[in-house]
$ cat query-v2.cif   # mmCIF, C-alpha atoms
data_work
#
loop_
_atom_site.label_atom_id
_atom_site.label_comp_id
_atom_site.auth_asym_id
_atom_site.auth_seq_id
_atom_site.Cartn_x
_atom_site.Cartn_y
_atom_site.Cartn_z
CA MET A 1 -0.54 -30.86 -106.78
CA THR A 2 0.23 -31.78 -103.17
CA THR A 3 2.75 -34.43 -102.18
CA LEU A 4 3.28 -35.44 -98.57
CA THR A 5 6.55 -37.14 -97.62
CA ARG A 6 7.34 -38.88 -94.38
CA ARG A 7 10.88 -39.91 -93.46
CA TYR A 8 11.58 -43.03 -91.39
CA ARG A 9 14.77 -44.55 -90.03
CA PHE A 10 15.65 -48.19 -89.65
CA SER A 11 18.86 -50.07 -88.90
CA ALA A 12 19.69 -53.32 -90.63
CA SER A 13 22.66 -55.43 -91.58
CA HIS A 14 23.30 -57.22 -94.82
CA ARG A 15 25.95 -58.95 -96.86
CA LEU A 16 26.18 -58.39 -100.60
CA CYS A 17 26.99 -61.69 -102.27
CA SER A 18 25.29 -64.13 -104.60
CA ASP A 19 25.19 -67.90 -104.14
CA MET A 20 25.39 -68.15 -107.92
CA LEU A 21 28.90 -66.65 -107.91
CA SER A 22 32.21 -67.91 -106.53
CA GLU A 23 33.68 -66.38 -103.38
CA GLU A 24 36.34 -64.75 -105.55
CA ARG A 25 33.80 -63.33 -108.02
CA ASN A 26 31.64 -61.99 -105.16
CA ARG A 27 34.71 -60.30 -103.76
CA GLU A 28 35.45 -58.73 -107.17
CA ILE A 29 31.92 -57.40 -107.64
CA PHE A 30 30.94 -56.37 -104.14
CA GLY A 31 34.30 -55.62 -102.51
CA LYS A 32 34.13 -55.18 -98.74
CA CYS A 33 30.32 -55.36 -98.91
CA ALA A 34 30.88 -59.15 -99.36
CA ASN A 35 32.76 -59.57 -96.06
CA PRO A 36 31.41 -62.85 -94.64
CA PHE A 37 29.69 -61.69 -91.45
CA GLY A 38 27.89 -58.74 -93.03
CA HIS A 39 27.74 -55.13 -91.91
CA GLY A 40 25.01 -52.63 -91.11
CA HIS A 41 23.56 -49.25 -92.03
CA ASP A 42 21.19 -46.69 -90.59
CA TYR A 43 18.83 -46.43 -93.49
CA PHE A 44 16.41 -43.57 -94.05
CA LEU A 45 13.28 -44.26 -96.06
CA GLU A 46 11.16 -41.43 -97.51
CA VAL A 47 7.64 -42.41 -98.50
CA SER A 48 5.70 -39.89 -100.62
CA VAL A 49 1.96 -39.89 -101.21
CA ALA A 50 0.18 -37.55 -103.61
CA GLY A 51 -3.32 -36.21 -103.44
CA GLU A 52 -5.28 -33.08 -102.69
CA PRO A 53 -5.80 -32.74 -98.94
CA ASP A 54 -9.28 -33.43 -97.64
CA GLN A 55 -11.18 -30.13 -97.46
CA LEU A 56 -12.25 -30.60 -93.86
CA THR A 57 -9.25 -32.29 -92.28
CA GLY A 58 -6.53 -30.63 -94.40
CA LEU A 59 -4.81 -34.01 -94.66
CA THR A 60 -3.55 -35.87 -97.71
CA LEU A 61 -3.30 -38.92 -95.46
CA GLU A 62 -4.06 -39.26 -91.74
CA ARG A 63 -0.74 -39.26 -89.87
CA PRO A 64 -1.34 -42.24 -87.55
CA ALA A 65 -2.67 -44.31 -90.49
CA PHE A 66 0.39 -43.34 -92.56
CA ASP A 67 2.75 -44.45 -89.78
CA ARG A 68 0.93 -47.71 -89.08
CA TRP A 69 0.91 -48.55 -92.80
CA VAL A 70 4.69 -48.06 -93.09
CA GLU A 71 5.39 -49.73 -89.73
CA GLU A 72 3.36 -52.83 -90.60
CA SER A 73 4.47 -53.06 -94.22
CA VAL A 74 8.16 -52.18 -93.91
CA LEU A 75 9.72 -51.14 -90.62
CA GLY A 76 8.50 -54.17 -88.67
CA ARG A 77 10.24 -56.38 -91.21
CA VAL A 78 13.56 -54.62 -91.60
CA ASP A 79 14.36 -52.68 -88.43
CA HIS A 80 17.18 -54.30 -86.44
CA VAL A 81 17.38 -57.42 -88.57
CA HIS A 82 19.96 -59.07 -90.81
CA LEU A 83 18.34 -58.81 -94.22
CA ASN A 84 19.96 -61.94 -95.72
CA ALA A 85 19.25 -64.14 -92.72
CA GLU A 86 15.85 -62.92 -91.58
CA VAL A 87 13.92 -61.54 -94.56
CA PRO A 88 12.60 -64.32 -96.82
CA GLU A 89 12.66 -62.06 -99.92
CA PHE A 90 16.47 -61.95 -99.67
CA ARG A 91 17.04 -65.67 -99.42
CA ASP A 92 17.86 -65.72 -103.15
CA LEU A 93 18.12 -62.01 -103.86
CA VAL A 94 21.12 -59.82 -103.10
CA PRO A 95 20.00 -57.14 -100.61
CA THR A 96 21.41 -54.18 -102.48
CA SER A 97 19.53 -50.94 -101.94
CA GLU A 98 18.14 -51.23 -105.48
CA ASN A 99 16.59 -54.62 -104.62
CA LEU A 100 15.56 -53.47 -101.15
CA LEU A 101 13.71 -50.48 -102.60
CA ALA A 102 11.81 -52.69 -105.06
CA VAL A 103 10.85 -55.07 -102.23
CA ILE A 104 9.74 -52.13 -100.03
CA ASP A 105 7.61 -50.81 -102.90
CA ALA A 106 5.85 -54.18 -103.25
CA TRP A 107 5.35 -54.43 -99.46
CA LEU A 108 3.85 -50.93 -99.28
CA ARG A 109 1.43 -51.63 -102.14
CA ALA A 110 0.34 -54.95 -100.60
CA GLY A 111 0.09 -53.33 -97.15
CA TRP A 112 -2.06 -50.53 -98.57
CA ALA A 113 -4.43 -53.01 -100.21
CA ARG A 114 -4.80 -54.86 -96.85
CA ARG A 115 -5.32 -51.71 -94.81
CA PHE A 116 -7.44 -49.69 -97.26
CA PRO A 117 -9.23 -52.21 -99.49
CA GLY A 118 -10.81 -50.60 -102.56
CA ARG A 119 -8.85 -47.34 -102.17
CA GLU A 120 -6.10 -46.80 -104.72
CA ALA A 121 -2.57 -46.55 -103.28
CA PRO A 122 -1.50 -42.87 -103.45
CA LEU A 123 2.19 -43.84 -103.44
CA ALA A 124 4.02 -41.15 -105.39
CA GLY A 125 7.67 -42.00 -104.78
CA LEU A 126 10.20 -43.68 -102.54
CA ARG A 127 13.69 -42.65 -101.60
CA LEU A 128 16.11 -44.81 -99.66
CA GLU A 129 19.35 -43.52 -98.12
CA GLU A 130 21.72 -46.38 -97.41
CA THR A 131 24.34 -43.97 -96.07
CA PRO A 132 24.49 -40.17 -96.19
CA ARG A 133 26.37 -40.58 -99.48
CA ASN A 134 24.20 -43.15 -101.27
CA SER A 135 20.54 -42.70 -102.07
CA PHE A 136 18.13 -44.46 -104.39
CA ARG A 137 14.79 -43.33 -105.78
CA LEU A 138 11.83 -45.13 -107.25
CA MET B 1 15.71 -22.83 -115.21
CA LEU B 2 14.73 -23.28 -111.57
CA ILE B 3 16.20 -21.56 -108.51
CA THR B 4 15.47 -22.34 -104.88
CA ARG B 5 15.78 -20.15 -101.82
CA LYS B 6 15.54 -21.55 -98.30
CA ALA B 7 14.13 -19.84 -95.21
CA GLU B 8 13.27 -20.89 -91.67
CA PHE B 9 10.60 -19.92 -89.20
CA SER B 10 9.41 -21.26 -85.87
CA ALA B 11 5.74 -21.47 -85.02
CA SER B 12 3.30 -23.42 -82.91
CA HIS B 13 0.03 -25.02 -83.90
CA VAL B 14 -2.67 -27.53 -83.00
CA CYS B 15 -4.05 -29.84 -85.65
CA ALA B 16 -7.57 -30.60 -84.56
CA ASP B 17 -11.08 -29.82 -85.72
CA PRO B 18 -13.00 -28.39 -82.74
CA ARG B 19 -16.22 -29.94 -84.07
CA LEU B 20 -14.76 -33.45 -83.66
CA SER B 21 -14.21 -35.46 -80.49
CA PRO B 22 -10.71 -35.76 -78.98
CA ASP B 23 -10.64 -39.44 -80.00
CA GLU B 24 -11.52 -38.62 -83.60
CA ASN B 25 -8.88 -35.86 -83.71
CA GLU B 26 -6.31 -38.28 -82.30
CA ARG B 27 -7.24 -40.78 -85.02
CA LEU B 28 -6.73 -38.17 -87.74
CA TYR B 29 -3.78 -36.13 -86.46
CA GLY B 30 -2.12 -38.19 -83.71
CA LYS B 31 -0.03 -36.17 -81.23
CA GLU B 32 -0.46 -33.07 -83.40
CA SER B 33 -3.98 -32.80 -81.96
CA ARG B 34 -2.93 -32.20 -78.32
CA PRO B 35 -4.93 -29.17 -77.20
CA HIS B 36 -2.30 -26.71 -76.00
CA GLY B 37 -0.24 -26.88 -79.17
CA HIS B 38 3.40 -27.56 -79.86
CA GLY B 39 6.03 -25.99 -82.09
CA HIS B 40 8.15 -26.75 -85.09
CA ASN B 41 11.24 -25.28 -86.70
CA TYR B 42 9.78 -25.09 -90.17
CA VAL B 43 12.10 -24.99 -93.16
CA LEU B 44 10.71 -23.54 -96.36
CA GLU B 45 12.19 -24.01 -99.83
CA VAL B 46 10.76 -21.71 -102.48
CA THR B 47 11.49 -22.61 -106.10
CA LEU B 48 11.03 -20.19 -109.00
CA ARG B 49 11.05 -20.81 -112.72
CA GLY B 50 12.31 -18.23 -115.14
CA GLU B 51 14.58 -17.29 -117.99
CA VAL B 52 18.13 -16.18 -117.30
CA ASP B 53 18.59 -12.50 -118.10
CA PRO B 54 21.29 -12.28 -120.81
CA VAL B 55 22.89 -9.21 -119.24
CA HIS B 56 23.04 -9.88 -115.51
CA GLY B 57 22.99 -13.71 -115.82
CA MET B 58 20.28 -14.25 -113.20
CA ILE B 59 16.64 -15.35 -113.17
CA LEU B 60 15.93 -12.97 -110.33
CA ASP B 61 18.18 -11.23 -107.85
CA LEU B 62 17.99 -13.62 -104.88
CA LYS B 63 17.99 -10.64 -102.53
CA ALA B 64 14.61 -9.70 -104.01
CA LEU B 65 13.28 -13.21 -103.41
CA LYS B 66 14.66 -13.18 -99.86
CA GLU B 67 12.80 -9.91 -99.26
CA ILE B 68 9.52 -11.28 -100.70
CA ILE B 69 9.75 -14.35 -98.45
CA ARG B 70 10.51 -12.18 -95.43
CA GLU B 71 7.62 -9.81 -96.02
CA HIS B 72 4.96 -12.29 -97.09
CA VAL B 73 5.85 -15.37 -95.03
CA LEU B 74 8.36 -14.84 -92.21
CA ASP B 75 6.85 -11.60 -90.89
CA VAL B 76 3.47 -13.36 -90.84
CA TYR B 77 4.45 -16.78 -89.51
CA ASP B 78 7.61 -16.51 -87.42
CA HIS B 79 7.13 -17.00 -83.66
CA ARG B 80 3.36 -17.12 -83.93
CA PHE B 81 0.69 -19.53 -82.75
CA LEU B 82 -0.84 -20.25 -86.15
CA ASN B 83 -4.35 -21.15 -84.95
CA ARG B 84 -4.70 -17.87 -83.03
CA GLU B 85 -2.61 -15.39 -84.95
CA VAL B 86 -2.42 -16.32 -88.62
CA PRO B 87 -5.61 -16.39 -90.68
CA PRO B 88 -6.97 -18.57 -92.25
CA PHE B 89 -5.88 -20.93 -89.49
CA ASP B 90 -8.52 -19.59 -87.12
CA THR B 91 -10.92 -21.69 -89.19
CA VAL B 92 -8.66 -23.98 -91.26
CA VAL B 93 -6.58 -26.74 -89.64
CA PRO B 94 -2.88 -25.79 -89.96
CA THR B 95 -1.65 -29.14 -91.29
CA ALA B 96 1.61 -29.03 -93.23
CA GLU B 97 -0.48 -29.49 -96.39
CA ASN B 98 -2.59 -26.41 -95.61
CA VAL B 99 0.37 -24.29 -94.48
CA ALA B 100 2.24 -25.09 -97.72
CA ARG B 101 -0.82 -24.05 -99.72
CA ASP B 102 -1.26 -20.83 -97.76
CA ILE B 103 2.41 -19.93 -98.31
CA TRP B 104 1.98 -20.58 -102.03
CA ARG B 105 -1.05 -18.23 -102.09
CA ARG B 106 0.89 -15.51 -100.29
CA LEU B 107 3.94 -15.78 -102.58
CA ALA B 108 2.43 -16.31 -106.03
CA ALA B 109 1.45 -12.69 -106.81
CA PRO B 110 4.58 -10.95 -105.48
CA VAL B 111 6.79 -13.45 -107.29
CA GLU B 112 4.87 -12.96 -110.53
CA ALA B 113 5.25 -9.19 -110.17
CA THR B 114 9.01 -9.70 -110.56
CA GLY B 115 8.52 -11.44 -113.93
CA SER B 116 9.32 -14.92 -112.58
CA ALA B 117 6.87 -17.71 -111.81
CA LEU B 118 6.47 -19.70 -108.63
CA HIS B 119 7.31 -23.32 -109.45
CA SER B 120 6.85 -25.07 -106.09
CA VAL B 121 7.16 -24.73 -102.36
CA ARG B 122 8.55 -27.45 -100.12
CA LEU B 123 7.68 -27.07 -96.44
CA HIS B 124 9.53 -29.19 -93.90
CA GLU B 125 7.47 -29.37 -90.72
CA SER B 126 10.21 -31.47 -89.08
CA ASP B 127 13.03 -33.78 -90.19
CA GLU B 128 10.36 -36.46 -90.54
CA LEU B 129 7.73 -34.76 -92.67
CA PHE B 130 7.61 -32.41 -95.63
CA VAL B 131 5.04 -31.31 -98.20
CA ASP B 132 5.55 -30.22 -101.80
CA TYR B 133 2.93 -27.99 -103.36
CA SER B 134 3.00 -26.75 -106.93
CA GLY B 135 -0.33 -24.99 -107.38
#
$ encode --input "query-v2.cif" --output "structure tokens"
Amino acid sequence: MTTLTRRYRFSASHRLCSDMLSEERNREIFGKCANPFGHGHDYFLEVSVAGEPDQLTGLTLERPAFDRWVEESVLGRVDHVHLNAEVPEFRDLVPTSENLLAVIDAWLRAGWARRFPGREAPLAGLRLEETPRNSFRL
Amino acid sequence: MLITRKAEFSASHVCADPRLSPDENERLYGKESRPHGHGHNYVLEVTLRGEVDPVHGMILDLKALKEIIREHVLDVYDHRFLNREVPPFDTVVPTAENVARDIWRRLAAPVEATGSALHSVRLHESDELFVDYSG
């Protein structure tokens, strides 16, 4: 079993709060993450694909194709943006790392289907570091 | 139980198939295909599976594992140009996938001779790319 993982960085800001909750309740649940103007992180995203490498090329996935897939599907949408203000998926969804990871998973699967129609997505796992102390896996 | 030992080596390589055109190699391997090669500080994590010995409380003396990695991997790979100096990479493209598999092949028998089993190897080619291989 061979799994290839590529690690990408992006910087984004967000504010954790829900329109369905009062200001006070948001403050209770999210603490300083609910501060009104938002705050940012340098996120690291690890994308893993599984599959036996091609016998001739020795590659599980061509490197430039891997990078373009992640750039188009994810990084172009989240790097140097305010997630709440600029990413439609977070208009009504709190941009916690749990929710962000689920959105990234859906984007990668849709991006794969666009880029490699008819070829099954080899996605084997995702890991998102919000800070060096917090990480999330799917 | 699983135990992991880490080791580092530095080596250079070119990822390109000489039978293909430069454009096709660039499409497959990107900058890794540039003809004169480039280097990486590889980081290797070797994970073994085994039972804990009831007397000495260890799966395997980690000094023994360190020695196996030194003899079978570091002495072969460290400060070498893989395509020129480390078979099978005279004929096989030294992608991280293929290097991880070659390291597995080199380690499996000596590890088994100690009574443990090789569980997986993780090879970091850089901070941005790693490969896990488990046989």
$ residues_around --input "query-v2.cif" --residues "segment 47-63 of chain A" --least-positions-apart "3" --cutoff "8 Å" --atoms "all atoms listed in the file" --output "mmCIF file with C-alpha atoms, keeping the file's coordinate frame"
data_model
loop_
_atom_site.group_PDB
_atom_site.id
_atom_site.type_symbol
_atom_site.label_atom_id
_atom_site.label_comp_id
_atom_site.auth_asym_id
_atom_site.auth_seq_id
_atom_site.Cartn_x
_atom_site.Cartn_y
_atom_site.Cartn_z
ATOM 1 C CA MET A 1 -0.540 -30.860 -106.780
ATOM 2 C CA THR A 2 0.230 -31.780 -103.170
ATOM 3 C CA THR A 3 2.750 -34.430 -102.180
ATOM 4 C CA LEU A 4 3.280 -35.440 -98.570
ATOM 5 C CA THR A 5 6.550 -37.140 -97.620
ATOM 6 C CA ARG A 6 7.340 -38.880 -94.380
ATOM 7 C CA ARG A 7 10.880 -39.910 -93.460
ATOM 8 C CA PHE A 66 0.390 -43.340 -92.560
ATOM 9 C CA ASP A 67 2.750 -44.450 -89.780
ATOM 10 C CA PRO A 122 -1.500 -42.870 -103.450
ATOM 11 C CA LEU A 123 2.190 -43.840 -103.440
ATOM 12 C CA ALA A 124 4.020 -41.150 -105.390
ATOM 13 C CA GLY A 125 7.670 -42.000 -104.780
ATOM 14 C CA LEU A 126 10.200 -43.680 -102.540
ATOM 15 C CA ARG A 127 13.690 -42.650 -101.600
ATOM 16 C CA ASP B 17 -11.080 -29.820 -85.720
ATOM 17 C CA ARG B 27 -7.240 -40.780 -85.020
ATOM 18 C CA LEU B 28 -6.730 -38.170 -87.740
ATOM 19 C CA TYR B 29 -3.780 -36.130 -86.460
ATOM 20 C CA GLY B 30 -2.120 -38.190 -83.710
ATOM 21 C CA VAL B 92 -8.660 -23.980 -91.260
ATOM 22 C CA VAL B 93 -6.580 -26.740 -89.640
ATOM 23 C CA PRO B 94 -2.880 -25.790 -89.960
ATOM 24 C CA THR B 95 -1.650 -29.140 -91.290
ATOM 25 C CA GLU B 97 -0.480 -29.490 -96.390
ATOM 26 C CA ASN B 98 -2.590 -26.410 -95.610
#
$ atom_distance --input "query-v2.cif" --atom1 "atom CA of Leu100 of chain A" --atom2 "atom CA of Pro64 of chain A"
24.4 Å
$ closest_atom_pairs --input "query-v2.cif" --of "chain B" --to "chain A" --cutoff "12 Å" --atoms "all atoms listed in the file" --output "Markdown table"
| residue | atom | partner | partner_atom | distance |
| --- | --- | --- | --- | --- |
| B:Cys15 | CA | A:Thr57 | CA | 8.8 |
| B:Ala16 | CA | A:Thr57 | CA | 8.1 |
| B:Asp17 | CA | A:Thr57 | CA | 7.2 |
| B:Pro18 | CA | A:Thr57 | CA | 11.0 |
| B:Arg19 | CA | A:Leu56 | CA | 10.6 |
| B:Leu20 | CA | A:Thr57 | CA | 10.3 |
| B:Glu24 | CA | A:Thr57 | CA | 11.0 |
| B:Asn25 | CA | A:Thr57 | CA | 9.3 |
| B:Glu26 | CA | A:Pro64 | CA | 8.2 |
| B:Arg27 | CA | A:Pro64 | CA | 6.6 |
| B:Leu28 | CA | A:Glu62 | CA | 4.9 |
| B:Tyr29 | CA | A:Arg63 | CA | 5.5 |
| B:Gly30 | CA | A:Pro64 | CA | 5.6 |
| B:Lys31 | CA | A:Pro64 | CA | 8.9 |
| B:Glu32 | CA | A:Arg63 | CA | 9.0 |
| B:Ser33 | CA | A:Arg63 | CA | 10.7 |
| B:Phe89 | CA | A:Gly58 | CA | 10.9 |
| B:Thr91 | CA | A:Leu56 | CA | 10.1 |
| B:Val92 | CA | A:Gly58 | CA | 7.7 |
| B:Val93 | CA | A:Gly58 | CA | 6.1 |
| B:Pro94 | CA | A:Gly58 | CA | 7.5 |
| B:Thr95 | CA | A:Gly58 | CA | 6.0 |
| B:Ala96 | CA | A:Leu59 | CA | 8.2 |
| B:Glu97 | CA | A:Gly58 | CA | 6.5 |
| B:Asn98 | CA | A:Gly58 | CA | 5.9 |
| B:Val99 | CA | A:Gly58 | CA | 9.4 |
| B:Ala100 | CA | A:Thr2 | CA | 8.9 |
| B:Arg101 | CA | A:Thr2 | CA | 8.5 |
| B:Asp102 | CA | A:Gly58 | CA | 11.6 |
| B:Trp104 | CA | A:Thr2 | CA | 11.4 |
| B:His119 | CA | A:Met1 | CA | 11.2 |
| B:Ser120 | CA | A:Met1 | CA | 9.4 |
| B:Val121 | CA | A:Thr2 | CA | 9.9 |
| B:Arg122 | CA | A:Thr3 | CA | 9.3 |
| B:Leu123 | CA | A:Leu4 | CA | 9.7 |
| B:His124 | CA | A:Thr5 | CA | 9.3 |
| B:Glu125 | CA | A:Arg6 | CA | 10.2 |
| B:Ser126 | CA | A:Arg7 | CA | 9.5 |
| B:Asp127 | CA | A:Arg7 | CA | 7.3 |
| B:Glu128 | CA | A:Arg7 | CA | 4.5 |
| B:Leu129 | CA | A:Arg6 | CA | 4.5 |
| B:Phe130 | CA | A:Thr5 | CA | 5.2 |
| B:Val131 | CA | A:Leu4 | CA | 4.5 |
| B:Asp132 | CA | A:Thr3 | CA | 5.1 |
| B:Tyr133 | CA | A:Thr2 | CA | 4.7 |
| B:Ser134 | CA | A:Met1 | CA | 5.4 |
| B:Gly135 | CA | A:Met1 | CA | 5.9 |
$ atom_distance --input "query-v2.cif" --atom1 "atom CA of Ala110 of chain A" --atom2 "atom CA of Thr96 of chain A"
21.2 Å
$ closest_residue --input "query-v2.cif" --among "A:Asp79, A:Asp19, A:Glu89, A:Glu130" --to "Ala102 of chain A" --atoms "all atoms listed in the file"
A:Glu89
